[in-house]
$ cat entry_39.txt   # compact mmCIF, C-alpha atoms and all ligand atoms
# COMPACT_ATOMS: atom_id res chain seq x y z
CA MET C 1 161.65 85.88 77.97
CA ARG C 2 160.15 82.40 78.56
CA THR C 3 157.58 80.59 76.46
CA THR C 4 155.40 77.81 77.87
CA PRO C 5 152.92 75.90 75.68
CA MET C 6 149.30 76.20 76.87
CA ALA C 7 148.20 72.94 75.25
CA PRO C 8 149.95 70.46 72.95
CA GLN C 9 148.84 72.04 69.65
CA CYS C 10 147.75 75.59 70.44
CA GLY C 11 148.70 78.64 72.45
CA VAL C 12 151.74 79.81 74.35
CA GLU C 13 152.15 81.77 77.54
CA ILE C 14 155.03 84.26 77.32
CA SER C 15 156.54 85.62 80.52
CA GLY C 16 159.45 87.86 81.39
CA VAL C 17 158.62 90.57 78.89
CA ARG C 18 156.83 93.90 79.09
CA LEU C 19 154.96 94.47 75.84
CA ALA C 20 154.95 98.24 76.16
CA THR C 21 158.76 98.42 76.18
CA CYS C 22 159.99 95.21 74.52
CA ASN C 23 162.98 95.42 72.19
CA ASP C 24 163.09 94.41 68.53
CA ALA C 25 164.51 90.94 69.19
CA GLU C 26 161.76 90.23 71.74
CA MET C 27 159.18 91.56 69.30
CA GLN C 28 160.46 89.23 66.61
CA ALA C 29 160.30 86.23 68.93
CA ILE C 30 156.76 87.18 70.04
CA LYS C 31 155.57 87.42 66.43
CA GLN C 32 157.10 84.08 65.50
CA ALA C 33 155.55 82.37 68.54
CA ILE C 34 152.10 83.72 67.61
CA TYR C 35 152.40 82.73 63.95
CA GLU C 36 153.31 79.20 65.03
CA ARG C 37 151.18 78.64 68.14
CA GLY C 38 148.22 80.81 67.09
CA VAL C 39 147.74 82.75 70.32
CA ALA C 40 150.01 84.11 73.04
CA VAL C 41 149.05 85.19 76.55
CA PHE C 42 150.95 87.81 78.56
CA ARG C 43 150.25 88.42 82.26
CA ASP C 44 150.54 91.45 84.50
CA GLN C 45 150.91 93.94 81.68
CA GLU C 46 150.50 97.65 82.14
CA PHE C 47 149.12 98.76 78.84
CA THR C 48 147.61 102.23 78.51
CA PRO C 49 145.51 102.91 75.39
CA GLU C 50 148.49 104.83 73.91
CA GLN C 51 150.84 101.89 74.58
CA HIS C 52 148.29 99.48 73.11
CA ILE C 53 148.19 101.57 69.91
CA ASP C 54 151.98 102.09 69.73
CA PHE C 55 152.57 98.37 70.20
CA ALA C 56 150.03 97.56 67.46
CA HIS C 57 151.88 99.85 65.03
CA ARG C 58 154.98 97.69 65.45
CA TRP C 59 153.09 94.95 63.58
CA GLY C 60 151.98 97.19 60.70
CA GLY C 61 148.60 98.79 60.02
CA ILE C 62 145.49 98.82 62.17
CA ASP C 63 142.07 97.75 60.79
CA ILE C 64 139.10 99.60 62.22
CA ASN C 65 136.26 97.18 63.03
CA ASN C 66 133.04 98.15 61.22
CA TYR C 67 130.63 96.94 63.87
CA PHE C 68 131.86 97.22 67.46
CA PRO C 69 131.69 100.49 69.38
CA LEU C 70 134.96 102.42 69.22
CA GLN C 71 136.67 104.26 72.04
CA ASP C 72 135.82 107.97 71.76
CA GLU C 73 139.36 109.24 72.18
CA TYR C 74 141.07 106.34 70.40
CA PRO C 75 139.02 105.05 67.46
CA GLU C 76 141.75 102.47 66.78
CA ILE C 77 140.45 100.63 69.85
CA ALA C 78 137.22 98.63 69.55
CA ILE C 79 135.28 97.94 72.72
CA VAL C 80 134.18 94.34 73.26
CA ARG C 81 131.73 94.84 76.08
CA LYS C 82 128.90 92.98 77.75
CA ALA C 83 126.98 94.94 80.36
CA ALA C 84 125.72 93.23 83.52
CA ASP C 85 122.14 93.35 82.23
CA GLN C 86 122.94 92.01 78.73
CA GLN C 87 122.41 88.34 77.85
CA THR C 88 124.32 88.16 74.56
CA ASN C 89 128.09 88.57 74.27
CA ILE C 90 130.32 89.44 71.33
CA GLY C 91 132.13 86.55 69.72
CA GLY C 92 130.18 83.90 71.63
CA ALA C 93 130.46 81.21 68.96
CA TRP C 94 133.42 79.72 67.11
CA HIS C 95 134.74 82.16 64.52
CA THR C 96 137.78 83.94 63.24
CA ASP C 97 137.74 87.72 62.92
CA HIS C 98 137.24 89.50 59.59
CA SER C 99 137.43 86.48 57.24
CA TYR C 100 134.67 88.30 55.29
CA ASP C 101 137.27 90.87 54.14
CA GLN C 102 139.19 90.13 50.94
CA ILE C 103 142.35 91.08 52.85
CA PRO C 104 141.46 89.69 56.29
CA ALA C 105 142.97 91.09 59.45
CA MET C 106 146.14 89.30 60.55
CA GLY C 107 145.13 89.20 64.17
CA SER C 108 144.04 91.02 67.28
CA ILE C 109 145.52 92.36 70.50
CA LEU C 110 142.90 91.99 73.23
CA VAL C 111 143.39 93.65 76.62
CA ALA C 112 141.27 92.71 79.65
CA ARG C 113 139.84 95.89 81.20
CA LEU C 114 136.93 94.61 83.29
CA LEU C 115 136.38 90.95 84.14
CA PRO C 116 133.53 89.05 85.76
CA PRO C 117 134.35 87.40 89.11
CA GLU C 118 134.40 84.01 87.37
CA GLY C 119 134.10 82.73 83.81
CA GLY C 120 134.47 84.67 80.57
CA ASP C 121 137.37 82.55 79.28
CA THR C 122 138.13 82.41 75.57
CA LEU C 123 138.74 79.14 73.71
CA PHE C 124 141.11 78.98 70.74
CA ALA C 125 141.54 76.23 68.15
CA HIS C 126 144.57 75.77 65.88
CA MET C 127 143.76 75.47 62.17
CA GLY C 128 147.15 73.97 61.28
CA ALA C 129 146.51 71.11 63.69
CA ALA C 130 142.93 70.89 62.39
CA TYR C 131 144.19 70.52 58.82
CA ASP C 132 146.91 68.00 59.74
CA ASN C 133 144.37 65.84 61.59
CA LEU C 134 141.94 65.58 58.66
CA PRO C 135 141.72 62.14 57.08
CA ASP C 136 143.62 61.92 53.78
CA GLU C 137 140.43 61.54 51.71
CA LEU C 138 139.03 64.74 53.22
CA LYS C 139 142.28 66.58 52.47
CA ALA C 140 141.99 65.39 48.87
CA GLU C 141 138.34 66.49 48.68
CA ILE C 142 139.10 70.09 49.70
CA GLU C 143 142.29 70.48 47.68
CA GLY C 144 141.85 73.47 45.33
CA LEU C 145 138.40 74.48 46.67
CA GLU C 146 137.53 78.09 47.42
CA ALA C 147 134.78 79.40 49.69
CA PHE C 148 132.65 82.53 50.03
CA HIS C 149 132.63 84.43 53.34
CA THR C 150 130.34 87.24 54.50
CA ALA C 151 129.25 88.88 57.77
CA ASP C 152 125.93 90.18 56.47
CA HIS C 153 123.78 87.53 58.20
CA VAL C 154 125.51 88.38 61.50
CA TYR C 155 125.54 92.18 61.61
CA LYS C 156 122.90 93.51 59.22
CA ALA C 157 119.62 95.11 60.35
CA ASP C 158 117.89 91.71 60.10
CA GLY C 159 120.97 89.75 61.20
CA LEU C 160 121.72 87.60 64.24
CA TYR C 161 122.85 90.35 66.63
CA ALA C 162 119.96 92.68 65.75
CA GLN C 163 117.62 90.06 67.20
CA THR C 164 119.44 90.11 70.54
CA ASP C 165 120.13 92.63 73.29
CA MET C 166 123.61 93.22 71.78
CA GLY C 167 121.99 94.77 68.70
CA ARG C 168 121.69 98.21 70.34
CA ASP C 169 125.46 98.50 70.77
CA LEU C 170 126.61 97.59 67.27
CA ARG C 171 127.19 99.82 64.25
CA GLY C 172 127.41 99.06 60.54
CA GLN C 173 123.99 97.44 60.00
CA ASP C 174 124.05 98.74 56.42
CA MET C 175 127.52 97.36 55.56
CA LYS C 176 127.81 94.72 52.88
CA THR C 177 130.71 92.27 52.98
CA GLY C 178 131.89 89.35 50.91
CA ALA C 179 135.17 87.66 50.05
CA VAL C 180 136.44 84.47 48.43
CA HIS C 181 139.40 82.60 49.96
CA PRO C 182 141.00 79.19 49.39
CA VAL C 183 139.66 76.55 51.79
CA VAL C 184 143.24 75.61 52.63
CA ILE C 185 145.69 78.50 52.84
CA ARG C 186 149.41 78.64 53.48
CA HIS C 187 150.37 80.77 56.45
CA PRO C 188 152.00 83.87 54.93
CA VAL C 189 155.04 83.60 57.23
CA THR C 190 155.43 79.98 58.35
CA GLY C 191 154.11 78.39 55.15
CA ARG C 192 152.10 75.87 57.21
CA LYS C 193 148.85 74.62 55.65
CA LEU C 194 145.80 75.94 57.54
CA LEU C 195 142.10 75.13 57.25
CA TYR C 196 140.49 78.46 56.38
CA VAL C 197 136.72 78.06 56.60
CA ASN C 198 134.81 78.95 59.76
CA SER C 199 131.33 78.32 61.06
CA ALA C 200 130.45 82.01 61.59
CA PHE C 201 131.27 83.58 58.23
CA THR C 202 131.85 80.85 55.60
CA ILE C 203 128.63 80.34 53.61
CA HIS C 204 129.37 78.06 50.66
CA PHE C 205 132.03 76.68 48.37
CA VAL C 206 132.53 78.53 45.10
CA GLY C 207 130.47 76.81 42.39
CA GLN C 208 128.12 75.17 44.92
CA THR C 209 124.94 76.31 46.65
CA ARG C 210 124.66 76.60 50.43
CA GLU C 211 122.74 73.30 50.54
CA GLU C 212 125.31 71.53 48.42
CA SER C 213 128.14 72.93 50.56
CA LEU C 214 126.71 72.23 54.01
CA PRO C 215 127.55 68.53 54.47
CA LEU C 216 131.25 69.05 53.73
CA LEU C 217 131.37 72.37 55.59
CA ARG C 218 129.91 70.69 58.67
CA ARG C 219 132.51 67.92 58.56
CA LEU C 220 135.25 70.55 58.39
CA PHE C 221 133.74 72.66 61.18
CA ASP C 222 133.50 69.62 63.44
CA ALA C 223 137.09 68.64 62.71
CA ALA C 224 138.30 72.19 63.35
CA VAL C 225 137.21 72.28 66.98
CA GLY C 226 138.49 68.87 67.99
CA GLU C 227 139.61 68.97 71.63
CA ASP C 228 143.18 68.18 70.61
CA ASN C 229 143.39 71.42 68.61
CA GLN C 230 142.25 73.68 71.43
CA CYS C 231 143.59 75.80 74.25
CA ARG C 232 141.82 77.99 76.79
CA VAL C 233 142.71 81.55 77.76
CA GLU C 234 141.77 82.39 81.35
CA TRP C 235 141.77 86.14 81.75
CA ARG C 236 143.08 87.94 84.80
CA PRO C 237 143.53 91.67 85.44
CA GLY C 238 146.56 92.70 83.36
CA THR C 239 146.21 89.87 80.83
CA VAL C 240 146.80 90.64 77.16
CA ALA C 241 146.23 88.02 74.46
CA ILE C 242 147.42 88.34 70.88
CA TRP C 243 146.17 85.94 68.25
CA ASP C 244 146.64 85.14 64.58
CA ASN C 245 143.29 84.98 62.77
CA ARG C 246 144.67 82.78 60.00
CA THR C 247 146.09 80.21 62.42
CA THR C 248 143.18 80.07 64.86
CA TRP C 249 139.46 80.23 65.53
CA HIS C 250 138.20 81.54 68.88
CA ASN C 251 135.04 81.40 70.98
CA ALA C 252 134.26 83.78 73.87
CA LEU C 253 132.43 81.80 76.57
CA ASN C 254 129.25 83.46 77.81
CA ASP C 255 129.05 81.90 81.27
CA TYR C 256 128.97 84.98 83.51
CA GLN C 257 125.37 86.24 83.31
CA GLY C 258 124.67 89.18 85.58
CA HIS C 259 128.24 90.48 85.44
CA ALA C 260 129.94 92.97 83.14
CA ARG C 261 133.01 92.23 81.03
CA GLU C 262 134.96 94.71 78.93
CA MET C 263 137.91 94.06 76.65
CA HIS C 264 139.77 96.47 74.38
CA ARG C 265 140.72 95.19 70.95
CA ILE C 266 143.05 96.48 68.28
CA THR C 267 142.78 94.61 65.01
CA LEU C 268 146.03 94.18 63.06
CA SER C 269 146.00 94.48 59.27
CA GLY C 270 146.76 91.37 57.26
CA GLU C 271 147.61 90.41 53.72
CA ALA C 272 145.92 88.58 50.85
CA LEU C 273 145.74 84.82 51.40
CA ALA C 274 146.88 82.13 48.99
CA ALA C 275 146.58 78.38 48.77
C1 LIG C 301 136.96 89.44 69.60
C2 LIG C 301 136.32 88.36 70.32
C3 LIG C 301 136.76 87.36 72.43
C4 LIG C 301 136.58 87.67 73.86
O1 LIG C 301 137.33 90.44 70.22
O2 LIG C 301 137.14 89.29 68.39
O3 LIG C 301 135.83 87.44 69.74
O4 LIG C 301 136.96 86.82 74.66
N1 LIG C 301 136.44 88.45 71.65
O5 LIG C 301 136.06 88.75 74.19
MN MN C 302 136.42 87.54 67.58
$ encode --input "entry_39.txt" --output "structure tokens"
Amino acid sequence: MRTTPMAPQCGVEISGVRLATCNDAEMQAIKQAIYERGVAVFRDQEFTPEQHIDFAHRWGGIDINNYFPLQDEYPEIAIVRKAADQQTNIGGAWHTDHSYDQIPAMGSILVARLLPPEGGDTLFAHMGAAYDNLPDELKAEIEGLEAFHTADHVYKADGLYAQTDMGRDLRGQDMKTGAVHPVVIRHPVTGRKLLYVNSAFTIHFVGQTREESLPLLRRLFDAAVGEDNQCRVEWRPGTVAIWDNRTTWHNALNDYQGHAREMHRITLSGEALAA
């Protein structure tokens, strides 16, 4: 097994391993690489739905996404699909998955099933690098703060997606979500400090209104997606990417209008987060 960094601070490409049949030592090394680098890319994988599910179980539990369509035969697998005639994609802005849950998902295993001829890359940004690069006075300002996260403005009947042509495909318009997390968490395995607010789901700091929170939130959001923190996943047939939602944000580029794209996602259960 060989690991090659994708960018200085974020991402790793792992070759010489077949996910469907990897041994326990390889599995351990893969997990560690993802916890540290945030996202790992694997090429030329054969990964049937059953193998996708079996591999996910080697991490622990599976979280069922409340909103995306699920595969009929395998409800563990969420379908992240944009049809050729749809304008809006899923995940087309910087975010991290499920931060609106009190026990947010650890990460996701995304398998490319149908790709546009060009485009449709996914950007990732590393929240350990983002935190480290904050000026000292900003680090001091956020020390001990907590923030409120929800997905209601995104997925509810009057939410962002409902006003687009993706609305017809999504479920869960009547769900209500909300969670409070520290603004700076420690990675549960590596112990590294990570910035844990995101521009999709973090609404305000605890004890402050949205208006009061926005100036500082915006400074943090801008710092999070600094070019130095990023890497770019270019999908090819057979590509699988696995990411850590605590360590990274991601952003699915929507630059392939007129073409379909379909990815299969299994969401891995996480654990409560602490400062
Ligand atoms: C997701 C997501 C990214 C992509 O599945 O959570 O944001 O590139 N998808 O499809
Ligand atoms: Mn996502």
$ closest_atom_pairs --input "entry_39.txt" --of "segment 60-148 of chain C" --to "segment 216-240 of chain C" --cutoff "6 Å" --atoms "only C-alpha atoms" --output "CSV"
residue,atom,partner,partner_atom,distance
C:Leu110,CA,C:Val240,CA,5.7
C:Val111,CA,C:Val240,CA,4.6
C:Ala112,CA,C:Thr239,CA,5.8
C:Asp121,CA,C:Glu234,CA,4.9
C:Thr122,CA,C:Val233,CA,5.1
C:Leu123,CA,C:Arg232,CA,4.5
C:Phe124,CA,C:Cys231,CA,5.3
C:Ala125,CA,C:Gln230,CA,4.2
C:His126,CA,C:Asn229,CA,5.3
C:Ala129,CA,C:Asn229,CA,5.8
C:Ala130,CA,C:Ala224,CA,4.9
$ write_last_selection --input "entry_39.txt" --atoms "C-alpha atoms" --output "tab-separated table (two decimals), keeping the file's coordinate frame"
chain	number	residue	atom	x	y	z
C	110	LEU	CA	142.90	91.99	73.23
C	111	VAL	CA	143.39	93.65	76.62
C	112	ALA	CA	141.27	92.71	79.65
C	121	ASP	CA	137.37	82.55	79.28
C	122	THR	CA	138.13	82.41	75.57
C	123	LEU	CA	138.74	79.14	73.71
C	124	PHE	CA	141.11	78.98	70.74
C	125	ALA	CA	141.54	76.23	68.15
C	126	HIS	CA	144.57	75.77	65.88
C	129	ALA	CA	146.51	71.11	63.69
C	130	ALA	CA	142.93	70.89	62.39
$ residues_near_ligand --input "entry_39.txt" --ligand "ligand LIG 301 (chain C)" --cutoff "7 Å" --atoms "all atoms listed in the file" --output "ChimeraX atom specification"
/C:80,90-92,97,110,120-122,250-252,263,265
$ residues_around --input "entry_39.txt" --residues "Gln173 of chain C" --least-positions-apart "4" --cutoff "8 Å" --atoms "all atoms listed in the file" --output "PyMOL selection string"
chain C and resi 67+155-157
$ closest_residue --input "entry_39.txt" --among "C:Ala147, C:Met166, C:Leu195, C:Ile266" --to "ligand MN 302 (chain C)" --atoms "all atoms listed in the file"
C:Ile266
$ closest_residue --input "entry_39.txt" --among "C:Arg210, C:His98, C:Lys139, C:Lys176" --to "ligand MN 302 (chain C)" --atoms "all atoms listed in the file"
C:His98
$ closest_residue --input "entry_39.txt" --among "C:Thr96, C:Thr150, C:Asn66, C:Asn133" --to "ligand MN 302 (chain C)" --atoms "all atoms listed in the file"
C:Thr96
$ atom_distance --input "entry_39.txt" --atom1 "atom CA of Val184 of chain C" --atom2 "atom CA of Arg58 of chain C"
28.1 Å
$ atom_distance --input "entry_39.txt" --atom1 "atom CA of Ala40 of chain C" --atom2 "atom CA of Thr248 of chain C"
11.4 Å
$ residues_around --input "entry_39.txt" --residues "segment 41-50 of chain C" --least-positions-apart "3" --cutoff "7 Å" --atoms "all atoms listed in the file" --output "list in words"
Val12, Glu13, Ile14, Ser15, Arg18, Ala20, Ile53, Asp54, Gly238, Thr239, Val240, Ala241 and Ile242 of chain C
